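Chemist: Provided herewith: upload-v2.pdb, PDB, C-alpha atoms.
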ATOM      1  CA  MET A   1     119.748  92.688  80.442
ATOM      2  CA  SER A   2     117.504  93.719  77.584
ATOM      3  CA  HIS A   3     113.809  93.612  78.514
ATOM      4  CA  HIS A   4     111.473  92.865  75.627
ATOM      5  CA  LEU A   5     107.793  93.026  76.468
ATOM      6  CA  SER A   6     106.654  90.374  74.019
ATOM      7  CA  ASN A   7     105.994  87.038  75.762
ATOM      8  CA  LEU A   8     106.931  88.318  79.209
ATOM      9  CA  VAL A   9     104.874  86.865  82.062
ATOM     10  CA  VAL A  10     103.492  89.643  84.265
ATOM     11  CA  VAL A  11     101.659  89.297  87.581
ATOM     12  CA  LEU A  12      99.607  92.406  88.332
ATOM     13  CA  THR A  13      97.670  93.055  91.543
ATOM     14  CA  GLY A  14      94.903  95.615  91.851
ATOM     15  CA  ALA A  15      94.029  94.961  88.225
ATOM     16  CA  SER A  16      90.253  95.445  88.438
ATOM     17  CA  SER A  17      90.180  99.175  87.713
ATOM     18  CA  GLY A  18      92.146 102.397  87.429
ATOM     19  CA  ILE A  19      95.919 102.154  87.094
ATOM     20  CA  GLY A  20      95.851  98.362  87.249
ATOM     21  CA  LYS A  21      93.384  98.005  84.398
ATOM     22  CA  ALA A  22      95.202 100.567  82.245
ATOM     23  CA  THR A  23      98.499  98.786  82.883
ATOM     24  CA  ALA A  24      97.079  95.365  82.045
ATOM     25  CA  LEU A  25      95.832  96.579  78.676
ATOM     26  CA  ARG A  26      99.131  98.340  77.959
ATOM     27  CA  PHE A  27     101.078  95.134  78.667
ATOM     28  CA  ALA A  28      98.681  93.123  76.497
ATOM     29  CA  GLU A  29      99.060  95.600  73.641
ATOM     30  CA  ASN A  30     102.788  94.969  73.806
ATOM     31  CA  GLY A  31     102.499  91.181  73.763
ATOM     32  CA  ALA A  32     102.985  90.335  77.463
ATOM     33  CA  HIS A  33     101.040  87.489  79.077
ATOM     34  CA  LEU A  34      99.142  88.376  82.236
ATOM     35  CA  VAL A  35      98.116  87.011  85.596
ATOM     36  CA  LEU A  36      95.483  89.479  86.785
ATOM     37  CA  ALA A  37      94.754  89.715  90.509
ATOM     38  CA  GLY A  38      92.112  91.594  92.474
ATOM     39  CA  ARG A  39      89.070  91.137  94.684
ATOM     40  CA  ARG A  40      86.416  91.576  91.962
ATOM     41  CA  GLU A  41      86.379  88.275  90.113
ATOM     42  CA  GLU A  42      83.887  89.197  87.403
ATOM     43  CA  SER A  43      85.749  92.422  86.568
ATOM     44  CA  LEU A  44      89.006  90.465  86.351
ATOM     45  CA  ARG A  45      87.468  87.900  84.014
ATOM     46  CA  GLN A  46      86.167  90.615  81.707
ATOM     47  CA  LEU A  47      89.590  92.258  81.684
ATOM     48  CA  ALA A  48      91.268  88.928  80.939
ATOM     49  CA  ASP A  49      88.922  88.540  77.968
ATOM     50  CA  GLU A  50      89.923  92.009  76.715
ATOM     51  CA  CYS A  51      93.596  91.102  77.014
ATOM     52  CA  ARG A  52      93.125  87.804  75.176
ATOM     53  CA  GLU A  53      91.420  89.684  72.354
ATOM     54  CA  LEU A  54      94.733  91.523  71.948
ATOM     55  CA  GLY A  55      96.450  88.199  71.224
ATOM     56  CA  VAL A  56      98.032  87.289  74.570
ATOM     57  CA  ARG A  57      97.336  84.735  77.264
ATOM     58  CA  ALA A  58      95.678  86.061  80.407
ATOM     59  CA  ILE A  59      94.172  84.510  83.508
ATOM     60  CA  ALA A  60      92.163  86.047  86.345
ATOM     61  CA  VAL A  61      92.950  85.069  89.928
ATOM     62  CA  LYS A  62      90.698  86.439  92.656
ATOM     63  CA  THR A  63      93.105  87.650  95.338
ATOM     64  CA  ASP A  64      92.874  89.678  98.517
ATOM     65  CA  VAL A  65      96.452  90.865  99.088
ATOM     66  CA  THR A  66      95.868  91.275 102.835
ATOM     67  CA  ASP A  67      95.927  87.456 103.035
ATOM     68  CA  GLU A  68      99.456  86.157 102.460
ATOM     69  CA  ASN A  69      98.228  82.666 101.630
ATOM     70  CA  GLN A  70      96.179  84.069  98.755
ATOM     71  CA  VAL A  71      99.221  85.981  97.471
ATOM     72  CA  ILE A  72     101.341  82.823  97.661
ATOM     73  CA  ASP A  73      98.626  80.983  95.723
ATOM     74  CA  LEU A  74      98.679  83.786  93.141
ATOM     75  CA  GLY A  75     102.377  83.148  92.547
ATOM     76  CA  ARG A  76     101.785  79.412  92.314
ATOM     77  CA  ARG A  77      99.001  79.903  89.770
ATOM     78  CA  ALA A  78     101.307  82.027  87.653
ATOM     79  CA  LEU A  79     104.030  79.380  87.719
ATOM     80  CA  SER A  80     101.649  76.500  87.013
ATOM     81  CA  GLU A  81     100.157  78.367  84.041
ATOM     82  CA  PHE A  82     103.306  79.912  82.544
ATOM     83  CA  GLY A  83     106.314  78.227  84.177
ATOM     84  CA  ARG A  84     107.980  81.497  85.168
ATOM     85  CA  ILE A  85     107.352  85.065  86.343
ATOM     86  CA  ASP A  86     109.255  87.866  84.630
ATOM     87  CA  VAL A  87     107.571  90.893  86.204
ATOM     88  CA  TRP A  88     105.523  91.321  89.377
ATOM     89  CA  VAL A  89     103.636  94.592  89.808
ATOM     90  CA  ASN A  90     102.356  95.363  93.311
ATOM     91  CA  ASN A  91      99.585  97.815  92.511
ATOM     92  CA  ALA A  92      96.728  97.022  94.912
ATOM     93  CA  GLY A  93      95.949  99.946  97.196
ATOM     94  CA  VAL A  94      93.227 101.653  99.213
ATOM     95  CA  MET A  95      92.769 105.245 100.373
ATOM     96  CA  LEU A  96      91.496 106.759 103.610
ATOM     97  CA  TYR A  97      90.436 110.326 104.454
ATOM     98  CA  GLY A  98      89.943 111.797 107.906
ATOM     99  CA  ARG A  99      91.624 113.449 110.858
ATOM    100  CA  VAL A 100      93.807 111.053 112.830
ATOM    101  CA  GLU A 101      91.628 111.118 115.949
ATOM    102  CA  GLU A 102      88.374 110.709 113.984
ATOM    103  CA  VAL A 103      89.357 107.680 111.897
ATOM    104  CA  PRO A 104      88.658 104.195 113.293
ATOM    105  CA  ALA A 105      91.831 102.359 114.226
ATOM    106  CA  SER A 106      90.533  99.329 112.322
ATOM    107  CA  ALA A 107      90.396 101.417 109.141
ATOM    108  CA  MET A 108      93.952 102.689 109.587
ATOM    109  CA  ARG A 109      95.132  99.133 110.169
ATOM    110  CA  ARG A 110      93.381  97.951 107.014
ATOM    111  CA  VAL A 111      95.180 100.579 104.939
ATOM    112  CA  PHE A 112      98.506  99.181 106.111
ATOM    113  CA  GLU A 113      97.382  95.595 105.597
ATOM    114  CA  THR A 114      96.615  96.388 101.954
ATOM    115  CA  ASN A 115      99.129  99.064 100.973
ATOM    116  CA  VAL A 116     102.148  97.809 102.920
ATOM    117  CA  PHE A 117     101.707  94.165 103.876
ATOM    118  CA  GLY A 118     100.070  93.422 100.527
ATOM    119  CA  HIS A 119     103.240  94.638  98.791
ATOM    120  CA  MET A 120     105.440  92.790 101.270
ATOM    121  CA  TYR A 121     103.542  89.561 100.651
ATOM    122  CA  GLY A 122     103.982  90.054  96.911
ATOM    123  CA  ALA A 123     107.722  90.510  97.318
ATOM    124  CA  ARG A 124     107.950  87.464  99.582
ATOM    125  CA  ALA A 125     106.021  85.391  97.029
ATOM    126  CA  VAL A 126     108.077  86.329  93.969
ATOM    127  CA  LEU A 127     111.641  87.083  95.092
ATOM    128  CA  PRO A 128     112.556  83.422  95.716
ATOM    129  CA  GLN A 129     111.417  82.667  92.153
ATOM    130  CA  PHE A 130     113.412  85.600  90.787
ATOM    131  CA  ARG A 131     116.489  84.297  92.595
ATOM    132  CA  ARG A 132     115.979  80.815  91.139
ATOM    133  CA  GLN A 133     115.607  82.314  87.662
ATOM    134  CA  GLY A 134     118.502  84.716  88.204
ATOM    135  CA  ARG A 135     116.392  87.598  86.919
ATOM    136  CA  GLY A 136     113.147  89.471  87.411
ATOM    137  CA  ILE A 137     111.590  92.890  87.962
ATOM    138  CA  LEU A 138     109.519  93.852  90.995
ATOM    139  CA  ILE A 139     107.560  97.099  90.645
ATOM    140  CA  ASN A 140     105.841  98.717  93.625
ATOM    141  CA  VAL A 141     103.250 101.390  92.890
ATOM    142  CA  ALA A 142     103.569 103.932  95.699
ATOM    143  CA  SER A 143     102.662 107.627  95.379
ATOM    144  CA  MET A 144     104.143 111.103  95.351
ATOM    145  CA  VAL A 145     102.907 111.290  98.960
ATOM    146  CA  GLY A 146     105.504 108.657  99.747
ATOM    147  CA  LYS A 147     107.874 111.625  99.797
ATOM    148  CA  ALA A 148     105.661 114.340 101.310
ATOM    149  CA  GLY A 149     102.638 114.558 103.579
ATOM    150  CA  ILE A 150      99.150 115.953 103.049
ATOM    151  CA  ALA A 151      96.473 116.739 105.618
ATOM    152  CA  TYR A 152      93.538 114.346 106.176
ATOM    153  CA  MET A 153      95.396 111.392 104.624
ATOM    154  CA  SER A 154      97.767 110.320 107.401
ATOM    155  CA  ALA A 155      97.274 106.551 107.165
ATOM    156  CA  TYR A 156      97.515 106.534 103.376
ATOM    157  CA  VAL A 157     100.569 108.807 103.372
ATOM    158  CA  ALA A 158     102.290 106.773 106.071
ATOM    159  CA  SER A 159     101.677 103.587 104.087
ATOM    160  CA  LYS A 160     103.243 105.093 100.958
ATOM    161  CA  HIS A 161     106.255 106.341 102.932
ATOM    162  CA  ALA A 162     106.610 102.788 104.212
ATOM    163  CA  LEU A 163     106.564 101.446 100.649
ATOM    164  CA  VAL A 164     109.379 103.761  99.572
ATOM    165  CA  GLY A 165     111.528 102.639 102.507
ATOM    166  CA  PHE A 166     110.625  98.994 101.965
ATOM    167  CA  ALA A 167     111.723  99.181  98.332
ATOM    168  CA  ASP A 168     115.023 100.795  99.367
ATOM    169  CA  CYS A 169     115.744  97.834 101.632
ATOM    170  CA  LEU A 170     114.742  95.262  99.023
ATOM    171  CA  ARG A 171     116.922  96.951  96.442
ATOM    172  CA  GLN A 172     119.962  96.597  98.665
ATOM    173  CA  GLU A 173     119.166  92.952  99.434
ATOM    174  CA  VAL A 174     118.936  91.930  95.779
ATOM    175  CA  MET A 175     122.158  93.830  95.052
ATOM    176  CA  LEU A 176     123.922  91.495  97.449
ATOM    177  CA  ASP A 177     122.722  88.516  95.402
ATOM    178  CA  LYS A 178     124.461  89.906  92.303
ATOM    179  CA  ALA A 179     121.538  88.623  90.219
ATOM    180  CA  ASP A 180     119.716  90.451  87.444
ATOM    181  CA  VAL A 181     116.839  91.376  89.751
ATOM    182  CA  HIS A 182     115.479  94.917  89.917
ATOM    183  CA  VAL A 183     113.212  96.727  92.380
ATOM    184  CA  CYS A 184     111.428  99.804  91.036
ATOM    185  CA  THR A 185     109.139 102.284  92.777
ATOM    186  CA  VAL A 186     106.560 104.214  90.752
ATOM    187  CA  MET A 187     105.203 107.381  92.402
ATOM    188  CA  PRO A 188     102.130 108.859  90.709
ATOM    189  CA  ALA A 189     100.712 112.291  91.449
ATOM    190  CA  SER A 190      96.890 112.740  91.364
ATOM    191  CA  ILE A 191      95.584 110.280  88.800
ATOM    192  CA  ASP A 192      92.165 110.126  87.166
ATOM    193  CA  THR A 193      90.916 106.782  88.526
ATOM    194  CA  PRO A 194      87.982 105.590  90.679
ATOM    195  CA  LEU A 195      90.342 105.482  93.706
ATOM    196  CA  PHE A 196      88.612 108.542  95.140
ATOM    197  CA  GLN A 197      85.131 107.046  94.729
ATOM    198  CA  HIS A 198      86.449 103.857  96.363
ATOM    199  CA  ALA A 199      88.089 105.672  99.273
ATOM    200  CA  ALA A 200      87.118 105.332 102.910
ATOM    201  CA  ASN A 201      86.076 108.766 104.077
ATOM    202  CA  TYR A 202      85.246 109.920 107.594
ATOM    203  CA  THR A 203      85.185 113.679 106.943
ATOM    204  CA  GLY A 204      81.534 114.024 105.933
ATOM    205  CA  GLN A 205      82.557 115.712 102.661
ATOM    206  CA  GLU A 206      82.958 114.246  99.193
ATOM    207  CA  ALA A 207      86.638 113.617  98.409
ATOM    208  CA  GLN A 208      88.259 114.577  95.137
ATOM    209  CA  PRO A 209      91.798 114.529  93.701
ATOM    210  CA  ILE A 210      94.015 117.571  94.020
ATOM    211  CA  SER A 211      94.894 119.280  90.743
ATOM    212  CA  PRO A 212      96.688 118.820  88.448
ATOM    213  CA  ILE A 213      95.236 115.420  87.565
ATOM    214  CA  TYR A 214      96.979 113.025  85.174
ATOM    215  CA  ASP A 215      95.683 110.104  83.103
ATOM    216  CA  ALA A 216      96.049 106.534  84.375
ATOM    217  CA  GLU A 217      97.710 105.612  81.088
ATOM    218  CA  ASN A 218     100.649 107.832  82.093
ATOM    219  CA  VAL A 219     101.267 105.537  85.063
ATOM    220  CA  ALA A 220     100.890 102.474  82.859
ATOM    221  CA  ASP A 221     103.544 103.875  80.540
ATOM    222  CA  ALA A 222     105.861 104.496  83.507
ATOM    223  CA  ILE A 223     105.429 100.888  84.648
ATOM    224  CA  ILE A 224     106.146  99.652  81.119
ATOM    225  CA  GLY A 225     109.198 101.911  81.088
ATOM    226  CA  CYS A 226     110.500 100.273  84.260
ATOM    227  CA  VAL A 227     110.326  96.910  82.515
ATOM    228  CA  GLN A 228     112.115  98.169  79.420
ATOM    229  CA  LYS A 229     114.712 100.032  81.454
ATOM    230  CA  PRO A 230     114.508  99.454  85.225
ATOM    231  CA  GLN A 231     114.788 102.598  87.324
ATOM    232  CA  ARG A 232     115.057 103.065  91.059
ATOM    233  CA  GLU A 233     112.215 105.576  91.400
ATOM    234  CA  VAL A 234     109.932 107.120  88.803
ATOM    235  CA  TYR A 235     107.590 110.071  89.334
ATOM    236  CA  VAL A 236     104.462 110.288  87.197
ATOM    237  CA  GLY A 237     103.369 113.895  86.821
ATOM    238  CA  SER A 238     105.719 116.819  87.296
ATOM    239  CA  MET A 239     103.817 117.919  90.403
ATOM    240  CA  GLY A 240     105.194 114.923  92.295
ATOM    241  CA  ARG A 241     108.816 115.788  91.684
ATOM    242  CA  LEU A 242     108.183 119.458  92.472
ATOM    243  CA  THR A 243     106.454 118.570  95.732
ATOM    244  CA  ALA A 244     109.258 116.232  96.804
ATOM    245  CA  PHE A 245     111.844 118.914  96.012
ATOM    246  CA  ASN A 246     110.041 121.514  98.107
ATOM    247  CA  ARG A 247     109.542 119.057 100.972
ATOM    248  CA  THR A 248     113.266 118.272 100.990
ATOM    249  CA  PHE A 249     114.662 121.790 100.856
ATOM    250  CA  SER A 250     111.943 123.845 102.542
ATOM    251  CA  PRO A 251     109.804 121.547 104.720
ATOM    252  CA  ALA A 252     108.150 124.315 106.729
ATOM    253  CA  MET A 253     107.027 126.116 103.580
ATOM    254  CA  HIS A 254     105.860 122.829 102.096
ATOM    255  CA  ASP A 255     103.678 122.186 105.155
ATOM    256  CA  ARG A 256     102.074 125.618 104.894
ATOM    257  CA  VAL A 257     101.399 125.333 101.167
ATOM    258  CA  ALA A 258     100.256 121.708 101.263
ATOM    259  CA  SER A 259      97.869 122.247 104.183
ATOM    260  CA  THR A 260      96.273 125.191 102.371
ATOM    261  CA  ILE A 261      95.863 123.181  99.177
ATOM    262  CA  ALA A 262      94.447 120.221 101.105
ATOM    263  CA  GLU A 263      91.853 122.396 102.797
ATOM    264  CA  SER A 264      90.775 124.173  99.616
ATOM    265  CA  GLN A 265      90.969 121.376  97.008
ATOM    266  CA  GLN A 266      90.723 117.980  98.627
ATOM    267  CA  PHE A 267      86.942 118.005  99.206
ATOM    268  CA  SER A 268      83.947 119.292  97.314
ATOM    269  CA  GLU A 269      81.036 121.149  98.899
ATOM    270  CA  THR A 270      78.906 118.008  98.647
ATOM    271  CA  ARG A 271      78.123 116.353 101.976
ATOM    272  CA  GLU A 272      78.180 112.574 102.225
ATOM    273  CA  PRO A 273      77.914 110.021 105.048
ATOM    274  CA  ARG A 274      80.987 108.460 106.632
ATOM    275  CA  THR A 275      82.022 105.345 104.739
ATOM    276  CA  ASP A 276      84.506 102.471 104.898
ATOM    277  CA  GLY A 277      84.753 102.666 101.114
ATOM    278  CA  ASN A 278      86.441  99.592  99.683
ATOM    279  CA  LEU A 279      88.643  98.904 102.715
ATOM    280  CA  PHE A 280      86.911  95.681 103.676
ATOM    281  CA  GLN A 281      84.757  94.921 100.632
ATOM    282  CA  PRO A 282      85.359  95.799  96.964
ATOM    283  CA  LYS A 283      83.098  98.366  95.346
ATOM    284  CA  GLY A 284      82.629  99.895  91.895
ATOM    285  CA  PRO A 285      83.196 101.421  89.472
ATOM    286  CA  ASP A 286      85.643  99.126  87.664
ATOM    287  CA  THR A 287      86.581 101.650  84.980
ATOM    288  CA  ILE A 288      90.025 103.091  84.262
ATOM    289  CA  SER A 289      88.914 106.711  84.615
ATOM    290  CA  GLY A 290      87.118 108.163  87.599
ATOM    291  CA  GLY A 291      85.815 111.034  85.487
ATOM    292  CA  TRP A 292      88.033 113.581  87.197
ATOM    293  CA  ARG A 293      89.853 114.959  84.187
ATOM    294  CA  GLN A 294      88.393 118.380  83.486
ATOM    295  CA  PRO A 295      89.726 121.400  81.604
ATOM    296  CA  SER A 296      92.324 123.273  83.618
ATOM    297  CA  GLY A 297      90.648 125.618  86.069
ATOM    298  CA  VAL A 298      91.279 127.714  89.137
ATOM    299  CA  GLY A 299      92.134 124.728  91.342
ATOM    300  CA  ARG A 300      94.909 123.569  89.064
ATOM    301  CA  LYS A 301      96.326 127.073  88.687
ATOM    302  CA  VAL A 302      96.289 127.679  92.440
ATOM    303  CA  ALA A 303      98.066 124.381  93.189
ATOM    304  CA  VAL A 304     100.746 124.863  90.558
ATOM    305  CA  ALA A 305     101.307 128.511  91.445
ATOM    306  CA  ALA A 306     101.521 127.831  95.170
ATOM    307  CA  LEU A 307     104.070 125.054  94.837
ATOM    308  CA  ALA A 308     106.021 126.868  92.144
ATOM    309  CA  ALA A 309     106.265 129.918  94.398
ATOM    310  CA  ALA A 310     108.049 127.781  96.967
ATOM    311  CA  VAL A 311     110.780 126.760  94.529
ATOM    312  CA  PRO A 312     112.922 129.944  94.775
ATOM    313  CA  VAL A 313     112.977 129.637  98.553
ATOM    314  CA  SER A 314     113.895 125.973  98.250
ATOM    315  CA  LEU A 315     116.699 126.752  95.859
ATOM    316  CA  VAL A 316     118.115 129.402  98.176
ATOM    317  CA  TRP A 317     117.974 126.899 101.015
ATOM    318  CA  ALA A 318     119.739 124.282  98.921
ATOM    319  CA  LEU A 319     122.481 126.675  97.799
ATOM    320  CA  LYS A 320     123.109 127.912 101.330
ATOM    321  CA  GLY A 321     123.670 124.347 102.406
ATOM    322  CA  ARG A 322     126.478 123.849  99.900
TER     323      ARG A 322
END
Turn this file's structure into structure tokens for me.
Modeler:
Amino acid sequence: MSHHLSNLVVVLTGASSGIGKATALRFAENGAHLVLAGRREESLRQLADECRELGVRAIAVKTDVTDENQVIDLGRRALSEFGRIDVWVNNAGVMLYGRVEEVPASAMRRVFETNVFGHMYGARAVLPQFRRQGRGILINVASMVGKAGIAYMSAYVASKHALVGFADCLRQEVMLDKADVHVCTVMPASIDTPLFQHAANYTGQEAQPISPIYDAENVADAIIGCVQKPQREVYVGSMGRLTAFNRTFSPAMHDRVASTIAESQQFSETREPRTDGNLFQPKGPDTISGGWRQPSGVGRKVAVAALAAAVPVSLVWALKGR
């Protein structure tokens, strides 16, 4: 099946800011029509206006993906407006920092309700339509931490691991249908978005992304690429693939390196009060960038060097296993 972007109908959750907003504009630039979903209605409406200025049709549908009925209604709105759904992008996600025993159980549960059940509800809403059409592309935005852990982010990491496994199962199910339906998983590394400002944080320190940090537009391009040529899994940022490789072939070394990087890079020296972030209520900013992209510095060099140093050991491990 040849996938042309022009006139495709795309449903996109988590569209209000960051990766979602960048992806919406990228689709609009390529002629795709959009159903934009998120919790911030005014931000969605402004984004829909921007997309329409690029010559496509776009509607904004206020949606909290933790509520399956709202996700079902999102699918219905798309069908009533456009008559079909060609692509569904599950992008909505929240982040949580803190030691396991110090994080409220309600916060951990909310991460799973958004990051896992929100994606499951999206799949449940669109797959029957894809089967009726005999075609469609479902894209789940996970993370490089869906393949490897990192300290202080247990709930978030566990949710992304769950997404990778969920997509594996879905992929096998649609294969059995022998229809032209694809399930793709996109796994970004650290991306310059407001996700870190939005994050719930119970550590008492300001959170920040771990270097190297990539632009949100890189993820948007990867999502577009999955529509043009569906792929099983796509890493965005070479650090993700390197981390997954080290985790696979030298897990003990990965744990040592990753824990050191987490302790030295994951938080700034700025103190801040404990916060639920956007777990239960949306919060700003609604920009694409979080302002994290800075010239390469010591943090980036330390992260790259530390993980790169683990590669020879991983290779030896892999060769010994042959």
Chemist: Do a neighbour search on segment 121-126 of chain A at 8 Å with all atoms listed in the file, toss out local chain neighbours closer than 6 positions, and write the hits as a PDB file with C-alpha atoms, keeping the file's coordinate frame.
Modeler:
ATOM      1  CA  VAL A  65      96.452  90.865  99.088  1.00  0.00           C
ATOM      2  CA  GLU A  68      99.456  86.157 102.460  1.00  0.00           C
ATOM      3  CA  VAL A  71      99.221  85.981  97.471  1.00  0.00           C
ATOM      4  CA  ILE A  72     101.341  82.823  97.661  1.00  0.00           C
ATOM      5  CA  GLY A  75     102.377  83.148  92.547  1.00  0.00           C
ATOM      6  CA  ILE A  85     107.352  85.065  86.343  1.00  0.00           C
ATOM      7  CA  TRP A  88     105.523  91.321  89.377  1.00  0.00           C
ATOM      8  CA  ASN A  90     102.356  95.363  93.311  1.00  0.00           C
ATOM      9  CA  LEU A 138     109.519  93.852  90.995  1.00  0.00           C
TER      10      LEU A 138
END
Chemist: Find the residue from A:Arg76, A:Lys178, A:His198, A:Arg99 that sits nearest to Phe280 of chain A; use only C-alpha atoms when measuring.
Modeler: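 Using only C-alpha atoms, the shortest distance to Phe280 of chain A belongs to A:His198.
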Chemist: Counting only C-alpha atoms, figure out which residue out of A:Gln265, A:Thr243, A:Thr185, A:Asn278 gets nearest to Ile210 of chain A.
Modeler: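 Nearest candidate to Ile210 of chain A out of A:Gln265, A:Thr243, A:Thr185, A:Asn278: A:Gln265.
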Chemist: Counting all atoms listed in the file, which residues come within 7 Å of (77.1, 116.4, 98.6), with the point read in the file's coordinates, and could you list them as a count of residues only?
Modeler: 6
Chemist: Specify as a ChimeraX atom specification each residue included when the PyMOL selection byres ((chain A and resi 24-31) around 10) is applied to this file.
Modeler: /A:4-13,15-17,19-23,32-36,47-48,50-58,217,220-221,223-224
Chemist: Output C-alpha atoms of each residue in that selection to a file, as a tab-separated table (two decimals), in the frame of the given file.
Modeler:
chain	number	residue	atom	x	y	z
A	4	HIS	CA	111.47	92.86	75.63
A	5	LEU	CA	107.79	93.03	76.47
A	6	SER	CA	106.65	90.37	74.02
A	7	ASN	CA	105.99	87.04	75.76
A	8	LEU	CA	106.93	88.32	79.21
A	9	VAL	CA	104.87	86.86	82.06
A	10	VAL	CA	103.49	89.64	84.26
A	11	VAL	CA	101.66	89.30	87.58
A	12	LEU	CA	99.61	92.41	88.33
A	13	THR	CA	97.67	93.06	91.54
A	15	ALA	CA	94.03	94.96	88.22
A	16	SER	CA	90.25	95.44	88.44
A	17	SER	CA	90.18	99.18	87.71
A	19	ILE	CA	95.92	102.15	87.09
A	20	GLY	CA	95.85	98.36	87.25
A	21	LYS	CA	93.38	98.00	84.40
A	22	ALA	CA	95.20	100.57	82.24
A	23	THR	CA	98.50	98.79	82.88
A	32	ALA	CA	102.98	90.34	77.46
A	33	HIS	CA	101.04	87.49	79.08
A	34	LEU	CA	99.14	88.38	82.24
A	35	VAL	CA	98.12	87.01	85.60
A	36	LEU	CA	95.48	89.48	86.78
A	47	LEU	CA	89.59	92.26	81.68
A	48	ALA	CA	91.27	88.93	80.94
A	50	GLU	CA	89.92	92.01	76.72
A	51	CYS	CA	93.60	91.10	77.01
A	52	ARG	CA	93.12	87.80	75.18
A	53	GLU	CA	91.42	89.68	72.35
A	54	LEU	CA	94.73	91.52	71.95
A	55	GLY	CA	96.45	88.20	71.22
A	56	VAL	CA	98.03	87.29	74.57
A	57	ARG	CA	97.34	84.74	77.26
A	58	ALA	CA	95.68	86.06	80.41
A	217	GLU	CA	97.71	105.61	81.09
A	220	ALA	CA	100.89	102.47	82.86
A	221	ASP	CA	103.54	103.88	80.54
A	223	ILE	CA	105.43	100.89	84.65
A	224	ILE	CA	106.15	99.65	81.12
Chemist: Identify which of the residues A:Gly83, A:Cys184, A:Asp276, A:Met239 lies closest to Ala222 of chain A, counting all atoms listed in the file when measuring atom-to-atom distances.
Modeler: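 Distance minimum relative to Ala222 of chain A lands on A:Cys184.
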Chemist: Which residues are near Tyr156 of chain A? Cut-off 7 Å, all atoms listed in the file, ignore same chain within fewer than 3 positions. Put them as a VMD selection string.
Modeler: chain A and resid 95 to 96 111 153 159 to 160
Chemist: What does the structure give for the distance between atom CA of Arg39 of chain A and atom CA of Ala107 of chain A, in Å to one decimal?
Modeler: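 Distance reported for this atom pair: 17.8 Å.
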Chemist: At a cut-off of 7 Å from (96.2, 98.0, 97.4) in the coordinates of the file, what residues are picked up using all atoms listed in the file, written as a CSV table (one decimal) with C-alpha atoms, in the frame of the given file?
Modeler:
chain,number,residue,atom,x,y,z
A,14,GLY,CA,94.9,95.6,91.9
A,91,ASN,CA,99.6,97.8,92.5
A,92,ALA,CA,96.7,97.0,94.9
A,93,GLY,CA,95.9,99.9,97.2
A,94,VAL,CA,93.2,101.7,99.2
A,114,THR,CA,96.6,96.4,102.0
A,115,ASN,CA,99.1,99.1,101.0
A,118,GLY,CA,100.1,93.4,100.5
Chemist: Using the chain letters and residue numbers of this document, give as a list in words the residues selected by the PyMOL selection byres ((chain A and resi 135) around 10).
Modeler: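 With the PyMOL selection byres ((chain A and resi 135) around 10) on this model, the match is Met1, Ile85, Asp86, Val87, Leu127, Gln129, Phe130, Arg131, Arg132, Gln133, Gly134, Gly136, Ile137, Lys178, Ala179, Asp180, Val181 and His182 of chain A.
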Chemist: So the first atom is atom CA of Tyr214 of chain A and the second is atom CA of Pro188 of chain A; what is the distance between them in Å, to one decimal place?
Modeler: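 That distance, rounded to one decimal, is 8.6 Å.
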Chemist: Pick the closest to Val227 of chain A from A:Ala60, A:Ile139, A:Thr287, A:Gly165: which is it, counting all atoms listed in the file?
Modeler: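 Under the stated criterion, the closest residue is A:Ile139.
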Chemist: Output the residue selection produced by the PyMOL selection byres ((chain A and resi 231) around 8) on the file above, formatted as a ChimeraX atom specification.
Modeler: /A:183-185,226,229-230,232-234
Chemist: Record the distance separating atom CA of Pro209 of chain A and atom CA of His254 of chain A, expressed in Å with one decimal.
Modeler: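 These atoms are spaced 18.4 Å apart.
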Chemist: Can you pull out every residue within 8 Å of Ala189 of chain A, counting all atoms listed in the file, but drop anything in the same chain fewer than 2 positions away, and send it as a list in words?
Modeler: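 Listing them by chain and then by number gives Ser143, Met144, Val145, Met187, Ile191, Ile213, Tyr214, Tyr235, Val236, Gly237, Ser238, Met239 and Gly240 of chain A.
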Chemist: Kindly provide, as lines of an AutoDock Vina configuration file, the centre and edge lengths (Å, one decimal) of an axis-aligned box around all atoms of segment 193-210 of chain A given in the file, with 6 Å on each side.
Modeler:
center_x = 87.8
center_y = 110.7
center_z = 98.1
size_x = 24.5
size_y = 25.7
size_z = 31.1
Chemist: Would you list the contacts of Ala148 of chain A as a list in words, taking every protein, DNA or RNA residue within 8 Å and counting all atoms listed in the file, but skipping same-chain residues closer than 6 positions in sequence?
Modeler: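 Here the qualifying residues turn out to be Val157, Thr243, Ala244 and Arg247 of chain A.
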Chemist: Considering all atoms listed in the file, can you say which of A:Asn140, A:Thr63, A:Asn69, A:Ser268 comes closest to Val89 of chain A?
Modeler: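 Nearest to Val89 of chain A: A:Asn140.
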